[in-house]
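A.B. asks: I am sharing protein_34.cif, which consists of mmCIF, C-alpha atoms and all ligand atoms:
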data_model
#
loop_
_atom_site.label_atom_id
_atom_site.label_comp_id
_atom_site.auth_asym_id
_atom_site.auth_seq_id
_atom_site.Cartn_x
_atom_site.Cartn_y
_atom_site.Cartn_z
CA MET I 17 20.45 4.49 -28.88
CA GLU I 18 21.19 7.92 -27.41
CA THR I 19 17.84 8.17 -25.61
CA LEU I 20 18.62 5.04 -23.67
CA ASN I 21 22.15 5.99 -22.63
CA ALA I 22 21.11 7.14 -19.18
CA LEU I 23 19.76 3.69 -18.29
CA PRO I 24 21.77 1.36 -16.04
CA GLY I 25 24.04 -1.07 -17.92
CA TRP I 26 22.00 -4.19 -17.16
CA VAL I 27 18.85 -2.54 -18.54
CA LYS I 28 20.66 -1.52 -21.73
CA ASP I 29 21.93 -5.11 -22.11
CA ARG I 30 18.46 -6.56 -21.69
CA LEU I 31 16.98 -4.11 -24.19
CA HIS I 32 19.74 -4.89 -26.65
CA ASP I 33 19.06 -8.64 -26.32
CA ALA I 34 15.31 -8.08 -26.78
CA GLY I 35 15.90 -5.92 -29.87
CA LYS I 36 18.21 -8.52 -31.44
CA LEU I 37 15.74 -11.35 -30.86
CA ALA I 38 12.89 -9.27 -32.30
CA ASP I 39 15.02 -8.67 -35.43
CA GLN I 40 15.57 -12.42 -35.79
CA LEU I 41 11.86 -13.19 -35.35
CA ASP I 42 10.86 -10.32 -37.60
CA LEU I 43 8.76 -8.72 -34.85
CA ALA I 44 8.67 -5.10 -33.73
CA VAL I 45 9.51 -4.52 -30.06
CA TYR I 46 9.28 -1.28 -28.08
CA LEU I 47 10.03 0.07 -24.65
CA VAL I 48 6.73 1.53 -23.40
CA GLY I 49 4.84 3.07 -20.50
CA GLY I 50 6.28 4.45 -17.28
CA ILE I 51 9.90 3.65 -18.08
CA VAL I 52 9.83 5.84 -21.21
CA ARG I 53 8.40 8.72 -19.18
CA ASP I 54 11.06 8.17 -16.53
CA VAL I 55 13.89 7.96 -19.09
CA PHE I 56 12.98 11.46 -20.28
CA LEU I 57 12.75 12.71 -16.70
CA ASP I 58 16.10 11.09 -15.80
CA HIS I 59 14.42 9.06 -13.07
CA VAL I 60 15.85 5.64 -12.31
CA ARG I 61 13.44 2.72 -12.12
CA MET I 62 13.52 -1.06 -12.08
CA ASP I 63 10.23 -1.94 -13.82
CA ILE I 64 10.79 -2.43 -17.51
CA ASP I 65 7.82 -2.81 -19.85
CA LEU I 66 8.24 -4.01 -23.42
CA MET I 67 5.56 -4.22 -26.07
CA VAL I 68 5.66 -6.59 -28.99
CA VAL I 69 3.57 -6.11 -32.08
CA GLY I 70 2.61 -9.74 -32.64
CA ASP I 71 2.66 -12.57 -30.15
CA GLY I 72 4.19 -11.16 -26.95
CA ILE I 73 3.98 -14.43 -25.07
CA ARG I 74 5.81 -16.35 -27.77
CA PHE I 75 8.49 -13.65 -27.83
CA ALA I 76 8.80 -13.82 -24.03
CA LYS I 77 9.18 -17.59 -24.18
CA ARG I 78 12.03 -17.36 -26.71
CA LEU I 79 13.76 -14.60 -24.78
CA ALA I 80 13.55 -16.63 -21.57
CA HIS I 81 14.82 -19.73 -23.37
CA GLU I 82 17.84 -17.94 -24.87
CA HIS I 83 18.89 -16.38 -21.58
CA GLN I 84 18.13 -19.26 -19.18
CA GLY I 85 15.26 -17.23 -17.76
CA CYS I 86 11.85 -18.23 -16.57
CA MET I 87 8.65 -17.06 -18.23
CA THR I 88 5.26 -16.61 -16.56
CA PRO I 89 2.43 -15.91 -19.01
CA HIS I 90 -0.82 -14.02 -18.24
CA SER I 91 -2.84 -15.17 -21.22
CA ARG I 92 -5.96 -13.00 -20.68
CA PHE I 93 -4.01 -9.86 -21.59
CA GLY I 94 -1.34 -11.49 -23.76
CA THR I 95 1.38 -10.45 -21.31
CA ALA I 96 4.26 -12.31 -19.69
CA THR I 97 7.02 -11.74 -17.19
CA VAL I 98 10.52 -12.99 -17.88
CA ALA I 99 12.76 -13.46 -14.85
CA PHE I 100 16.47 -13.81 -15.63
CA PRO I 101 19.04 -15.76 -13.59
CA ASP I 102 20.55 -12.48 -12.32
CA ARG I 103 17.09 -11.73 -10.79
CA THR I 104 16.32 -8.92 -13.25
CA ARG I 105 12.90 -8.99 -14.92
CA LEU I 106 11.14 -7.75 -17.99
CA ASP I 107 7.38 -7.41 -18.45
CA ILE I 108 6.39 -8.13 -22.01
CA ALA I 109 2.99 -7.32 -23.52
CA THR I 110 1.33 -7.91 -26.85
CA ALA I 111 0.31 -4.64 -28.52
CA ARG I 112 -3.46 -4.44 -28.05
CA SER I 113 -6.50 -2.30 -28.23
CA GLU I 114 -9.11 -2.23 -25.51
CA HIS I 115 -12.82 -2.00 -25.85
CA TYR I 116 -14.90 -1.04 -22.82
CA GLU I 117 -18.35 -2.60 -23.18
CA MET I 118 -19.42 -0.91 -19.94
CA PRO I 119 -17.60 1.98 -18.28
CA ALA I 120 -15.40 1.01 -15.35
CA THR I 121 -15.41 -2.71 -16.16
CA LEU I 122 -12.40 -4.65 -17.38
CA PRO I 123 -12.07 -4.15 -21.13
CA ARG I 124 -12.24 -6.67 -23.95
CA VAL I 125 -8.76 -6.75 -25.50
CA SER I 126 -7.58 -7.74 -28.94
CA PRO I 127 -4.12 -7.71 -30.56
CA ASP I 128 -3.54 -4.51 -32.45
CA THR I 129 -0.97 -2.03 -33.74
CA LEU I 130 1.55 0.03 -31.81
CA GLU I 131 -0.56 3.15 -32.41
CA ALA I 132 -3.74 1.50 -31.08
CA ASP I 133 -1.87 0.31 -28.01
CA LEU I 134 -0.53 3.77 -27.25
CA ALA I 135 -4.00 5.28 -27.80
CA ARG I 136 -5.60 3.04 -25.12
CA ARG I 137 -3.32 4.41 -22.41
CA ASP I 138 -4.09 6.77 -19.54
CA PHE I 139 -2.05 9.97 -20.04
CA SER I 140 0.07 11.40 -22.83
CA ILE I 141 3.23 11.13 -20.72
CA ASN I 142 2.60 7.36 -20.40
CA ALA I 143 1.74 6.87 -24.08
CA MET I 144 5.19 7.03 -25.67
CA ALA I 145 7.37 4.24 -27.03
CA ILE I 146 11.03 3.76 -27.94
CA CYS I 147 11.86 1.33 -30.73
CA LEU I 148 14.35 -1.44 -29.90
CA ASN I 149 14.74 -3.07 -33.34
CA THR I 150 18.09 -2.57 -35.02
CA PRO I 151 17.61 -0.07 -37.81
CA GLN I 152 15.38 2.29 -35.81
CA ARG I 153 16.80 1.56 -32.35
CA GLY I 154 16.21 4.54 -30.07
CA MET I 155 13.54 6.09 -32.27
CA ILE I 156 10.86 7.80 -30.20
CA ILE I 157 7.19 7.27 -31.04
CA ASP I 158 5.10 9.98 -29.45
CA PRO I 159 1.75 10.38 -31.23
CA HIS I 160 0.06 12.14 -28.27
CA ASN I 161 2.72 14.78 -27.59
CA GLY I 162 3.88 13.23 -24.35
CA ARG I 163 7.25 14.96 -24.53
CA ARG I 164 5.63 18.35 -24.89
CA ASP I 165 3.52 17.55 -21.81
CA LEU I 166 6.63 16.43 -19.93
CA GLU I 167 8.22 19.78 -20.72
CA ASN I 168 5.08 21.64 -19.65
CA ARG I 169 4.74 19.42 -16.58
CA THR I 170 1.23 18.47 -17.55
CA ILE I 171 -0.97 15.41 -17.00
CA ARG I 172 -3.32 15.07 -19.96
CA ILE I 173 -5.82 12.34 -20.83
CA LEU I 174 -6.00 11.16 -24.41
CA HIS I 175 -9.80 11.36 -24.70
CA ASP I 176 -12.80 12.44 -22.65
CA ARG I 177 -13.96 8.89 -21.75
CA SER I 178 -10.64 8.03 -20.12
CA PHE I 179 -11.74 8.28 -16.45
CA ALA I 180 -15.13 6.67 -17.10
CA ASP I 181 -13.49 3.77 -18.94
CA ASP I 182 -11.07 3.23 -16.13
CA PRO I 183 -11.74 5.11 -12.86
CA THR I 184 -8.45 3.82 -11.39
CA ARG I 185 -7.00 6.66 -13.46
CA LEU I 186 -8.56 9.12 -11.02
CA PHE I 187 -5.98 7.95 -8.50
CA ARG I 188 -3.21 7.56 -11.03
CA ALA I 189 -3.61 11.14 -12.27
CA VAL I 190 -3.11 12.51 -8.78
CA ARG I 191 -0.25 10.16 -7.98
CA PHE I 192 1.67 11.25 -11.06
CA GLU I 193 0.72 14.89 -10.59
CA GLN I 194 2.02 15.01 -7.05
CA ARG I 195 4.95 12.61 -7.50
CA LEU I 196 6.33 14.51 -10.47
CA GLN I 197 5.07 17.91 -9.35
CA PHE I 198 3.02 18.22 -12.50
CA ARG I 199 -0.48 19.61 -12.87
CA MET I 200 -3.55 18.28 -14.63
CA GLU I 201 -4.23 20.24 -17.80
CA HIS I 202 -7.44 22.31 -17.71
CA ARG I 203 -9.68 20.01 -19.77
CA THR I 204 -8.35 16.91 -17.98
CA GLU I 205 -9.25 18.39 -14.60
CA GLN I 206 -12.68 19.34 -15.87
CA VAL I 207 -13.33 15.77 -17.08
CA TYR I 208 -11.88 14.52 -13.80
CA ARG I 209 -14.38 16.51 -11.74
CA GLU I 210 -17.22 15.37 -14.00
CA ALA I 211 -16.16 11.75 -13.45
CA ILE I 212 -16.25 12.27 -9.68
CA ASN I 213 -19.71 13.86 -9.86
CA ALA I 214 -20.89 10.99 -12.04
CA HIS I 215 -19.81 8.55 -9.27
CA TRP I 216 -17.65 6.45 -11.56
CA ILE I 217 -15.61 5.42 -8.53
CA ASP I 218 -18.63 3.45 -7.29
CA ARG I 219 -18.21 1.15 -10.26
CA LEU I 220 -14.75 0.01 -9.17
CA SER I 221 -14.60 -3.39 -7.53
CA ALA I 222 -13.38 -3.56 -3.93
CA ARG I 223 -10.13 -5.15 -5.08
CA ARG I 224 -9.34 -2.47 -7.65
CA LEU I 225 -10.30 0.37 -5.32
CA LEU I 226 -8.22 -0.94 -2.42
CA GLU I 227 -5.30 -1.47 -4.80
CA GLN I 228 -5.47 2.19 -5.82
CA VAL I 229 -5.59 3.29 -2.19
CA ARG I 230 -2.59 1.06 -1.50
CA GLN I 231 -0.67 2.60 -4.38
CA VAL I 232 -1.43 6.09 -3.09
CA CYS I 233 -0.21 5.11 0.38
CA ASP I 234 2.91 3.50 -1.11
CA GLU I 235 4.11 6.71 -2.75
CA ILE I 236 7.18 8.38 -1.24
CA ASP I 237 5.31 11.57 -0.33
CA VAL I 238 1.78 10.66 0.71
CA TRP I 239 0.49 13.90 2.20
CA PRO I 240 0.25 16.03 -0.99
CA ILE I 241 -1.67 13.17 -2.63
CA PHE I 242 -4.08 12.84 0.31
CA LYS I 243 -4.64 16.62 0.16
CA ARG I 244 -5.18 16.80 -3.57
CA LEU I 245 -7.56 13.80 -3.53
CA ASP I 246 -9.50 15.69 -0.89
CA GLU I 247 -9.57 18.88 -2.95
CA LEU I 248 -10.89 16.87 -5.90
CA ARG I 249 -13.54 15.22 -3.63
CA VAL I 250 -12.23 11.71 -4.27
CA TRP I 251 -12.25 10.61 -0.62
CA GLN I 252 -15.76 11.98 -0.25
CA ALA I 253 -16.81 10.00 -3.30
CA ILE I 254 -15.74 6.84 -1.47
CA SER I 255 -17.49 7.80 1.76
CA PRO I 256 -19.13 11.18 2.49
CA THR I 257 -17.30 11.83 5.77
CA LEU I 258 -13.92 10.61 4.58
CA GLY I 259 -11.26 13.23 3.87
CA VAL I 260 -8.39 15.20 5.33
CA PHE I 261 -8.87 16.63 8.82
CA GLU I 262 -6.92 18.76 11.24
CA GLY I 263 -4.06 16.69 12.57
CA LEU I 264 -3.83 14.31 9.61
CA GLU I 265 -0.79 16.06 8.18
CA SER I 266 1.17 15.61 11.39
CA MET I 267 0.07 11.95 11.60
CA VAL I 268 1.30 11.39 8.05
CA GLN I 269 4.58 13.13 8.86
CA SER I 270 5.06 10.89 11.90
CA ILE I 271 4.58 7.80 9.73
CA ASP I 272 7.00 9.30 7.16
CA ARG I 273 9.63 9.62 9.88
CA TYR I 274 9.19 6.08 11.18
CA LYS I 275 8.64 4.19 8.00
CA ASN I 276 12.26 3.29 7.31
CA MET I 277 12.69 1.88 10.79
CA LEU I 278 9.83 -0.60 10.62
CA ASP I 279 10.42 -4.35 10.34
CA THR I 280 7.75 -4.73 7.66
CA PRO I 281 8.16 -1.81 5.22
CA GLN I 282 5.74 -3.52 2.81
CA ASP I 283 2.94 -2.88 5.31
CA VAL I 284 3.57 0.82 5.85
CA TRP I 285 0.74 1.73 3.49
CA ARG I 286 -1.69 0.27 6.03
CA LEU I 287 -0.56 2.85 8.59
CA TYR I 288 -1.31 5.76 6.25
CA LEU I 289 -4.73 4.27 5.57
CA LEU I 290 -5.40 3.89 9.31
CA ALA I 291 -4.43 7.55 9.77
CA LEU I 292 -6.94 8.61 7.13
CA LEU I 293 -9.67 6.46 8.68
CA SER I 294 -8.84 7.27 12.30
CA PRO I 295 -11.57 9.87 12.97
CA CYS I 296 -14.38 7.79 11.41
CA ASP I 297 -17.19 6.43 13.59
CA PRO I 298 -17.78 2.66 13.82
CA ASP I 299 -20.66 2.69 11.31
CA THR I 300 -18.58 4.49 8.69
CA LEU I 301 -15.69 2.09 9.31
CA ASN I 302 -18.00 -0.89 8.83
CA THR I 303 -19.29 0.54 5.58
CA LEU I 304 -15.74 1.24 4.42
CA SER I 305 -14.67 -2.29 5.30
CA GLU I 306 -17.54 -3.57 3.21
CA ARG I 307 -16.54 -1.29 0.36
CA LEU I 308 -12.80 -2.02 0.39
CA LYS I 309 -12.94 -5.66 1.51
CA PRO I 310 -9.48 -5.60 3.10
CA ASP I 311 -7.81 -8.80 4.29
CA ARG I 312 -8.70 -9.99 7.78
CA GLN I 313 -5.69 -8.37 9.44
CA LEU I 314 -6.44 -4.94 8.00
CA LYS I 315 -10.16 -5.28 8.66
CA GLU I 316 -9.45 -5.95 12.32
CA ALA I 317 -7.07 -3.01 12.50
CA ILE I 318 -9.72 -0.73 11.01
CA GLN I 319 -12.44 -1.97 13.32
CA ASP I 320 -10.22 -1.55 16.37
CA LEU I 321 -9.62 2.16 15.70
CA PRO I 322 -12.70 3.27 17.73
CA VAL I 323 -11.92 0.66 20.40
CA LEU I 324 -8.51 2.23 20.91
CA LYS I 325 -10.09 5.67 20.90
CA ALA I 326 -12.35 4.60 23.78
CA ILE I 327 -9.28 3.30 25.64
CA ALA I 328 -7.56 6.66 25.07
CA GLN I 329 -10.58 8.29 26.70
CA ARG I 330 -10.23 5.97 29.69
CA ILE I 331 -6.61 7.12 30.03
CA LYS I 332 -7.83 10.72 30.06
CA ASN I 333 -10.47 9.86 32.66
CA LYS I 334 -7.76 8.21 34.79
CA ASP I 335 -9.61 4.93 34.59
CA ILE I 336 -6.38 3.46 33.18
CA GLU I 337 -3.49 4.51 35.38
CA ASN I 338 -0.67 2.10 34.80
CA PRO I 339 0.80 -0.12 32.06
CA GLY I 340 -0.90 -3.18 33.60
CA ASP I 341 -4.36 -1.61 33.24
CA PHE I 342 -3.47 -0.66 29.67
CA TYR I 343 -2.25 -4.16 28.90
CA LYS I 344 -5.55 -5.65 30.10
CA ALA I 345 -7.50 -3.18 27.98
CA VAL I 346 -5.59 -3.62 24.71
CA ARG I 347 -4.33 -7.16 24.61
CA THR I 348 -7.05 -8.33 22.22
CA ILE I 349 -6.69 -5.31 19.95
CA SER I 350 -5.01 -5.55 16.55
CA GLU I 351 -1.27 -5.01 16.77
CA ASP I 352 -1.42 -2.85 13.64
CA THR I 353 -3.81 -0.45 15.38
CA ILE I 354 -1.45 -0.26 18.35
CA LEU I 355 1.55 0.29 16.07
CA PHE I 356 -0.35 3.04 14.27
CA SER I 357 -1.10 4.79 17.59
CA THR I 358 2.49 4.24 18.76
CA ILE I 359 3.68 6.21 15.78
CA ALA I 360 0.95 8.68 15.06
CA ASP I 361 -1.56 9.17 17.89
CA GLN I 362 -2.12 12.84 18.57
CA GLU I 363 -2.02 12.36 22.35
CA ASP I 364 1.47 12.02 23.88
CA THR I 365 0.28 9.80 26.75
CA VAL I 366 -1.55 7.40 24.42
CA ARG I 367 1.54 7.21 22.20
CA GLN I 368 3.68 6.38 25.23
CA TYR I 369 1.33 3.71 26.55
CA CYS I 370 1.04 2.14 23.08
CA SER I 371 4.78 2.28 22.48
CA ILE I 372 5.76 0.52 25.68
CA TYR I 373 3.04 -2.08 25.09
CA TYR I 374 4.02 -2.63 21.45
CA TYR I 375 7.77 -2.86 21.92
CA GLU I 376 7.96 -4.47 25.38
CA HIS I 377 4.91 -5.60 27.26
CA ARG I 378 3.13 -7.61 24.60
CA HIS I 379 6.09 -10.02 24.59
CA ILE I 380 6.40 -10.37 28.35
CA ARG I 381 5.50 -13.67 30.02
CA PRO I 382 5.93 -14.70 33.67
CA ALA I 383 9.18 -16.57 34.38
CA ILE I 384 7.19 -19.17 36.35
CA ASN I 385 4.60 -21.58 34.98
CA GLY I 386 2.17 -24.29 36.12
CA LEU I 387 4.99 -26.68 37.00
CA VAL I 388 6.50 -24.13 39.35
CA LEU I 389 3.09 -23.58 40.96
CA GLN I 390 2.83 -27.35 41.51
CA ASP I 391 6.30 -27.27 42.99
CA LEU I 392 5.18 -24.57 45.38
CA GLY I 393 2.42 -26.90 46.58
CA ILE I 394 -0.46 -24.96 45.11
CA PRO I 395 -3.25 -27.38 44.17
CA GLU I 396 -3.97 -27.57 40.46
CA GLY I 397 -7.11 -25.90 39.14
CA PRO I 398 -8.55 -22.69 37.64
CA MET I 399 -6.59 -20.81 40.30
CA TYR I 400 -3.44 -21.31 38.18
CA SER I 401 -4.52 -19.00 35.40
CA HIS I 402 -5.61 -16.35 37.92
CA ILE I 403 -2.19 -16.50 39.62
CA LEU I 404 -0.17 -16.41 36.39
CA GLU I 405 -2.29 -13.56 35.03
CA THR I 406 -1.86 -11.55 38.23
CA ILE I 407 1.89 -12.18 38.17
CA LEU I 408 2.05 -11.01 34.55
CA ILE I 409 0.32 -7.73 35.37
CA LYS I 410 2.57 -7.23 38.41
CA LYS I 411 5.60 -7.86 36.22
CA ILE I 412 4.38 -5.31 33.65
CA ASN I 413 3.87 -2.79 36.44
CA GLY I 414 7.38 -3.48 37.75
CA GLU I 415 6.08 -4.88 41.07
CA VAL I 416 7.91 -8.18 40.60
CA ASN I 417 11.19 -8.41 38.77
CA THR I 418 12.87 -11.73 39.48
CA GLU I 419 11.72 -15.35 39.42
CA GLN I 420 12.15 -15.46 43.18
CA GLU I 421 9.80 -12.52 43.56
CA GLU I 422 7.32 -14.19 41.22
CA ARG I 423 7.33 -17.37 43.33
CA ARG I 424 6.76 -15.35 46.52
CA ALA I 425 3.97 -13.36 44.88
CA ALA I 426 2.34 -16.58 43.61
CA LEU I 427 2.14 -17.96 47.16
CA GLU I 428 0.72 -14.68 48.46
CA ILE I 429 -1.93 -14.56 45.76
CA TRP I 430 -2.90 -18.16 46.51
CA LYS I 431 -3.09 -17.56 50.27
CA ASP I 432 -5.15 -14.38 49.78
CA ARG I 433 -7.58 -16.33 47.61
CA GLU I 434 -7.78 -19.18 50.13
CA GLN I 435 -8.53 -16.72 52.93
CA GLN I 436 -11.25 -15.03 50.86
CA VAL I 437 -12.82 -18.39 50.07
CA GLY I 438 -12.59 -19.40 53.74
CA LYS I 439 -14.37 -16.22 54.91
N1 LIG S 1 -1.79 2.17 -17.99
C1 LIG S 1 -2.94 2.80 -18.43
N2 LIG S 1 -4.05 2.86 -17.62
C2 LIG S 1 -4.02 2.28 -16.39
C3 LIG S 1 -2.87 1.62 -15.95
C4 LIG S 1 -1.75 1.59 -16.77
O1 LIG S 1 -2.98 3.32 -19.54
N3 LIG S 1 -5.09 2.33 -15.63
C5 LIG S 1 -0.62 2.12 -18.90
C6 LIG S 1 0.24 3.38 -18.85
O2 LIG S 1 0.79 3.55 -20.13
C7 LIG S 1 1.32 3.01 -17.85
C8 LIG S 1 1.55 1.55 -18.18
O3 LIG S 1 0.24 1.05 -18.52
O4 LIG S 1 2.49 3.78 -18.02
C9 LIG S 1 2.14 0.73 -17.06
O5 LIG S 1 1.30 0.76 -15.91
P1 LIG S 1 1.89 0.87 -14.45
O6 LIG S 1 3.06 -0.03 -14.31
O7 LIG S 1 0.76 0.75 -13.49
O8 LIG S 1 2.28 2.40 -14.46
P2 LIG S 1 3.63 3.18 -14.49
O9 LIG S 1 3.40 4.33 -15.44
O10 LIG S 1 4.78 2.31 -14.75
O11 LIG S 1 3.60 3.76 -13.04
P3 LIG S 1 4.62 3.66 -11.81
O12 LIG S 1 5.70 4.64 -12.13
O13 LIG S 1 3.76 4.07 -10.64
O14 LIG S 1 5.08 2.23 -11.73
#
Rewrite the structure of this file - the entire thing - as structure tokens.

C.D. replies:
Amino acid sequence: METLNALPGWVKDRLHDAGKLADQLDLAVYLVGGIVRDVFLDHVRMDIDLMVVGDGIRFAKRLAHEHQGCMTPHSRFGTATVAFPDRTRLDIATARSEHYEMPATLPRVSPDTLEADLARRDFSINAMAICLNTPQRGMIIDPHNGRRDLENRTIRILHDRSFADDPTRLFRAVRFEQRLQFRMEHRTEQVYREAINAHWIDRLSARRLLEQVRQVCDEIDVWPIFKRLDELRVWQAISPTLGVFEGLESMVQSIDRYKNMLDTPQDVWRLYLLALLSPCDPDTLNTLSERLKPDRQLKEAIQDLPVLKAIAQRIKNKDIENPGDFYKAVRTISEDTILFSTIADQEDTVRQYCSIYYYEHRHIRPAINGLVLQDLGIPEGPMYSHILETILIKKINGEVNTEQEERRAALEIWKDREQQVGK
């Protein structure tokens, strides 16, 4: 079990349990995929993938039963997730082969051997297995020379149809390349560029494409991936004017600096995407929204990018001169767009306006309300919303600070209005 020694204790225990159960059931079970690659690279990770030659779901059910876990099957692919009481998890798959009836569509899968399962995978470094059954425990199965490629720091596809079969691999190749500081091997890069020129990316569904973009933006170091995808013309394959631009690197760095301080770290990827899309014109953004079909919140954030740009121009033109003016201009804009500009806008003044709005002013409300206005003797009517709105803007601009001042200001606003109506 020497290969597995570097793994955390709980992982070793789980693998030991899985191996023992497989022995009892007379099934072969292997550690596969990213975790094997990461074991050899001494990288720690939490996602553990097992492969069973035979019925993976049945195996998962037994394993869950014996360890008071909970099993969720995904029958279409013969996979299952087992969640244990200590909150650790194992993903278990049935060894399978894949047959792509049409490039870039989801494959037809059928149970198969270990070798067939490894041969359907994306890159040699992800196509290794470690046996968990007792007699051969720790034995490495590496039919595609993944370890050699790990040593040479190389990303290599297993066959020339790889990117056409599954264009998500165009993103995966660059993620692994840049994350691990590897390089695509010559032939792989050649096939990669051919796949881009053949527009295989167009065949990806919106959901799969957006998921790849999300995974790119969820990597620890996003900028090198953005840059390399640009060099390989991947962004341009999604939309002709999309790509890196002057200033993007510093935007990405700003998001890098802020990302650990945000309340919703799971949404940080959206900020990187907004940075990438920020120079696009409204038509391009509409087309991209159609292509990526983001959820409503992200769609609004994307569509508000040019709206905020127009507001930034109004700041430059001195048409917006105080936080109250800014509040009125942005209050219907997506908060994600404002957060993005707070962190990454290239203009200092815009960043400052956005920041104070995002962290303070959007939460401010007047201390007084309709009841207080009644109390002050102001007759009920549409006037109330005008008064409260004016008070809010005055409060944002620091012209009223206490409830007393708000009450006085309310009476003044009312009297002014009455006089104007009387004139
Ligand atoms: N895989 C593949 N082709 C894909 C996606 C996945 O061949 N398009 C295979 C690879 O063997 C991969 C494994 O399925 O290692 C697990 O996929 P995933 O969890 O997405 O990848 P990881 O390699 O674990 O990547 P990460 O480190 O980013 O989690």

A.B. asks: Return as a tab-separated table the residues of chain I lying at most 6 Å from ligand LIG 1 (chain S), together with the closest atom-to-atom pair for each and the distance in Å to one decimal, counting all atoms listed in the file, with rows in chain order and ascending residue number.

C.D. replies:
residue	atom	partner	partner_atom	distance
I:Gly49	CA	S:LIG1	O4	3.5
I:Gly50	CA	S:LIG1	O9	3.4
I:Arg137	CA	S:LIG1	O1	3.1
I:Asp138	CA	S:LIG1	O1	3.6
I:Asn142	CA	S:LIG1	O2	4.2
I:Ala143	CA	S:LIG1	O2	5.2
I:Thr184	CA	S:LIG1	N3	5.6
I:Arg185	CA	S:LIG1	N3	5.2

A.B. asks: With distances taken over only C-alpha atoms, which of I:Leu324, I:Ala145, I:Val268, I:Leu57 is nearest to Ala22 (chain I)?

C.D. replies: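 Looking at the shortest contact to Ala22 (chain I), the residue is I:Leu57.
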
A.B. asks: Give the answer as one residue: which of I:Leu314, I:Ala76, I:Val45, I:Val98 has the shortest atom-to-atom distance to Met155 (chain I), using all atoms listed in the file?

C.D. replies: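 Looking only at the distances to Met155 (chain I), the closest residue turns out to be I:Val45.
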
A.B. asks: So that I can see what lies close to region 427-436 of chain I, please list as a PDB file with C-alpha atoms, in the frame of the given file the residues with an atom at most 8 Å from it, counting all atoms listed in the file and leaving out residues fewer than 2 positions away in the same chain.

C.D. replies:
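Heads up, here's the output in result21.pdb:
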ATOM      1  CA  LEU I 392       5.180 -24.570  45.380  1.00  0.00           C
ATOM      2  CA  ILE I 394      -0.460 -24.960  45.110  1.00  0.00           C
ATOM      3  CA  MET I 399      -6.590 -20.810  40.300  1.00  0.00           C
ATOM      4  CA  ILE I 403      -2.190 -16.500  39.620  1.00  0.00           C
ATOM      5  CA  ARG I 423       7.330 -17.370  43.330  1.00  0.00           C
ATOM      6  CA  ARG I 424       6.760 -15.350  46.520  1.00  0.00           C
ATOM      7  CA  ALA I 425       3.970 -13.360  44.880  1.00  0.00           C
ATOM      8  CA  GLY I 438     -12.590 -19.400  53.740  1.00  0.00           C
ATOM      9  CA  LYS I 439     -14.370 -16.220  54.910  1.00  0.00           C
TER      10      LYS I 439
END

A.B. asks: With distances taken over all atoms listed in the file, which of I:Leu287, I:Ile384, I:Leu248, I:Leu79 is nearest to Gln40 (chain I)?

C.D. replies: I:Leu79

A.B. asks: Padding of 6 Å on every side, edges along x, y and z, all listed atoms of region 351-359 of chain I included: what centre and edge lengths in Å, to one decimal, does that box have, as AutoDock Vina command-line options?

C.D. replies:
--center_x -0.1 --center_y 0.6 --center_z 16.2 --size_x 19.5 --size_y 23.2 --size_z 17.1

A.B. asks: Go ahead and compute the interatomic distance for CA of Ile241 (chain I) and CA of Arg191 (chain I), in Å to one decimal.

C.D. replies: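 Separation between CA of Ile241 (chain I) and CA of Arg191 (chain I): 6.3 Å.
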
A.B. asks: Counting all atoms listed in the file, find the residues whose atoms lie at most 12 Å from (0.4, 9.8, 29.1) (file coordinates) and write them out as an MDAnalysis selection string.

C.D. replies: chainID I and resid 328:334 336:339 342 358 361:372

A.B. asks: Put those residues in a file: C-alpha atoms, as a PDB file, in the coordinates of the input.

C.D. replies:
ATOM      1  CA  ALA I 328      -7.560   6.660  25.070  1.00  0.00           C
ATOM      2  CA  GLN I 329     -10.580   8.290  26.700  1.00  0.00           C
ATOM      3  CA  ARG I 330     -10.230   5.970  29.690  1.00  0.00           C
ATOM      4  CA  ILE I 331      -6.610   7.120  30.030  1.00  0.00           C
ATOM      5  CA  LYS I 332      -7.830  10.720  30.060  1.00  0.00           C
ATOM      6  CA  ASN I 333     -10.470   9.860  32.660  1.00  0.00           C
ATOM      7  CA  LYS I 334      -7.760   8.210  34.790  1.00  0.00           C
ATOM      8  CA  ILE I 336      -6.380   3.460  33.180  1.00  0.00           C
ATOM      9  CA  GLU I 337      -3.490   4.510  35.380  1.00  0.00           C
ATOM     10  CA  ASN I 338      -0.670   2.100  34.800  1.00  0.00           C
ATOM     11  CA  PRO I 339       0.800  -0.120  32.060  1.00  0.00           C
ATOM     12  CA  PHE I 342      -3.470  -0.660  29.670  1.00  0.00           C
ATOM     13  CA  THR I 358       2.490   4.240  18.760  1.00  0.00           C
ATOM     14  CA  ASP I 361      -1.560   9.170  17.890  1.00  0.00           C
ATOM     15  CA  GLN I 362      -2.120  12.840  18.570  1.00  0.00           C
ATOM     16  CA  GLU I 363      -2.020  12.360  22.350  1.00  0.00           C
ATOM     17  CA  ASP I 364       1.470  12.020  23.880  1.00  0.00           C
ATOM     18  CA  THR I 365       0.280   9.800  26.750  1.00  0.00           C
ATOM     19  CA  VAL I 366      -1.550   7.400  24.420  1.00  0.00           C
ATOM     20  CA  ARG I 367       1.540   7.210  22.200  1.00  0.00           C
ATOM     21  CA  GLN I 368       3.680   6.380  25.230  1.00  0.00           C
ATOM     22  CA  TYR I 369       1.330   3.710  26.550  1.00  0.00           C
ATOM     23  CA  CYS I 370       1.040   2.140  23.080  1.00  0.00           C
ATOM     24  CA  SER I 371       4.780   2.280  22.480  1.00  0.00           C
ATOM     25  CA  ILE I 372       5.760   0.520  25.680  1.00  0.00           C
TER      26      ILE I 372
END
